[in-house]
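K.L.:
First the structure, then my questions, so here it is.
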Amino acid sequence: MRWLRLLWIPLFFAGHLRAAESIVETPAGTPLIERNLSSLKAVIEPLQGATTELDKLQREFGQAATPEAKREIQVRIDSERERVRQLRGNFQDILGGSEAAEYDEIVTPDTTLQNQLGELLQPIVGTLREATSTPRELEALRKSLDTWTERKRKADIVVNRIGVVTARNTDPSLAPELEEARRMWTGRSAEAAGQMSVLRAQIDERERQQKPMWSTLSGAFGDFFRSRGLNLLLALLAAVAGFIAVRRIYASVRRYTPVHRHGKGSLTSRISDVLSFALAGLVAIIGIILVFYVRGDWLLLTLVVVMLVGVAWAGKAALPPYIEQIRMILNLGSVREDERIIHRGLPWRVASIGFFTTVTNPSLQGGVLRIPIRDLMDMTSREPDPKEPWFPTEKDDWVVLADGTYGKTVTQTPEQVVVLKLGGSLKTYPTGDFLEQSPENLSHGFRVSCTFGIDYRHQEAAAEKIPTHLAQALTSALVADVGREAVRSVKVEFSEAAASSLNYRILADFDGSMGARYQALHRKIQQVCLETCNAHGWVIPFTQITVHQAEVPAGQAASAEIGNDHV
């Protein structure tokens, strides 16, 4: 008979009027009340019959002579009690309507995966709950106040409805049950009113105790530094102390063990280096866990454990790429210590391999780099030759570049090379671009090579006499100018019989200290050759050009010639 609750929907909206008279006077409510009175009468008759039967069975139970008879009567009593309970429940449902059904309705929270994770992370959740306890308590009290307010409203509606039904009832058999229902719902209304008063007092008390936001935040920070801040500091000190202690102990052992003293760079020593580093990290982690455990800080301890579990879980997929790096650290990879690699277009010597590999270039200013080991994975090293240069030039060397630049390198770093040109101007090259200019280093010695020609009229002396005199004159002049130690050799050799001159090739080798006079020495050699020719009366020709004109009619010029004019 629970479907009869639907008949009370109009009365639910009318319940806000609170007065019984308003319900009685509602035109739409009168047929409903009459209908419910009929329904109540239909229920009360079997209820009274069941109650009478129950009383009868209880008297028979007291008069039964044998245990078997009592057991039989007890079964019938239990059945009749269940029937009375159901009939009385139906009576209450019809009388109370939907408000009675919803009075004790409580939403049961779902047990979800999120709740179970909350239980797993209980320390973290507990800390957050504590930090937000006051706002949450106020919210819970307000929600509870809303619940009891709604319950009182519904109880008042039911009480009013019972009053209306009682006023219109003419059947004396309904009076006891109506009175019992009225007492029950009046008690519920009073209970709700009492709960509302208590909740309002609790809300007022919480609001008075609630601190300003700034005070709450400052207190939270103060509590953090007094408790967890100190725990974090102690854990950090324990981790650092443990790590340093293990590394210092290993460094002391490393100085005295034969493996490290006589087998520097061996596989065994490298394996022990890696294991010692891992052991130091493990000791640091254990120190952190022990500090949190001893201090009883379950929140930070849980966070550390969760972090370690996450790292271990992620390591299943992340570990394989690091195996090759471990091989590299053990000096078993494609790049090995004391060998030569090319990094960013420059040669480097691998000084030491670790998580950060140190490479050096002795010819560069600031030529020490720390490279992450992952950047070495695609490289290959080789044994360097003892005489192999690490860079074409050194600082303050004189160079000639492919683009015609001539000057002194005043700065050369892994990023740039600065060349000081004659006159004081500076020209800067990115180091890679400088190498592409194929620099010619003059500071280790150089050769000045030039060509000089004389006229064909001196053909008889051209083979021996003229080159000998030129060589003697050049040697004397250059030694007098730059010093004997700076002139390594001077040669004058017949080169070719050109169209208008006999050409000689002049080869003068100088020490690297003369790099600053590279261009001046070219001019000096030409000057000495000219002075020697003047002293011996040798003619220096210039290129002759003959212009021939095709045959033309008589009366026109046949040809013109620019002949041999001589100096």
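Just remember, in the structure tokens the first chain shown is A, the second B, etc., residues are 1-based per chain, and ligands are 1-based in the order shown.
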Using only C-alpha atoms, which residues sit within 9 Å of Asp146 (chain A) once same-chain residues fewer than 5 positions away are excluded, as a list of chain:residue names?
P.N.:
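Counting only the stated atoms, we get A:Leu141, A:Arg151, A:Met196.
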K.L.:
Can you write out the residues you just picked, keeping N, CA and C atoms, as an mmCIF file, in the first residue's frame?
P.N.:
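Saved to selection_39.cif:
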data_model
loop_
_atom_site.group_PDB
_atom_site.id
_atom_site.type_symbol
_atom_site.label_atom_id
_atom_site.label_comp_id
_atom_site.auth_asym_id
_atom_site.auth_seq_id
_atom_site.Cartn_x
_atom_site.Cartn_y
_atom_site.Cartn_z
ATOM 1 N N LEU A 141 28.152 21.235 10.144
ATOM 2 C CA LEU A 141 27.089 21.688 11.043
ATOM 3 C C LEU A 141 25.967 22.366 10.274
ATOM 4 N N ARG A 151 13.612 17.992 8.335
ATOM 5 C CA ARG A 151 12.878 16.959 9.076
ATOM 6 C C ARG A 151 11.753 17.581 9.915
ATOM 7 N N MET A 196 17.979 21.399 16.173
ATOM 8 C CA MET A 196 18.240 22.674 15.501
ATOM 9 C C MET A 196 18.807 23.695 16.475
#
K.L.:
Out of region 209-376 of chain A, which residues get strand (DSSP E or B) from DSSP, as a ChimeraX atom specification?
P.N.:
/A:340-343,346-352,356-360,368-372
K.L.:
Extract, using only C-alpha atoms, all DNA, RNA and protein residues at most 12 Å from region 477-482 of chain A, discarding same-chain residues fewer than 5 positions from it, and format them as a PyMOL selection string.
P.N.:
chain A and resi 470-472+487-490+508-511+513-518+520-529+531-532
K.L.:
To one decimal place in Å, what is the distance between CA of Trp298 (chain A) and CA of Arg228 (chain A)?
P.N.:
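Computing the Euclidean distance for CA of Trp298 (chain A) and CA of Arg228 (chain A) yields 10.3 Å.
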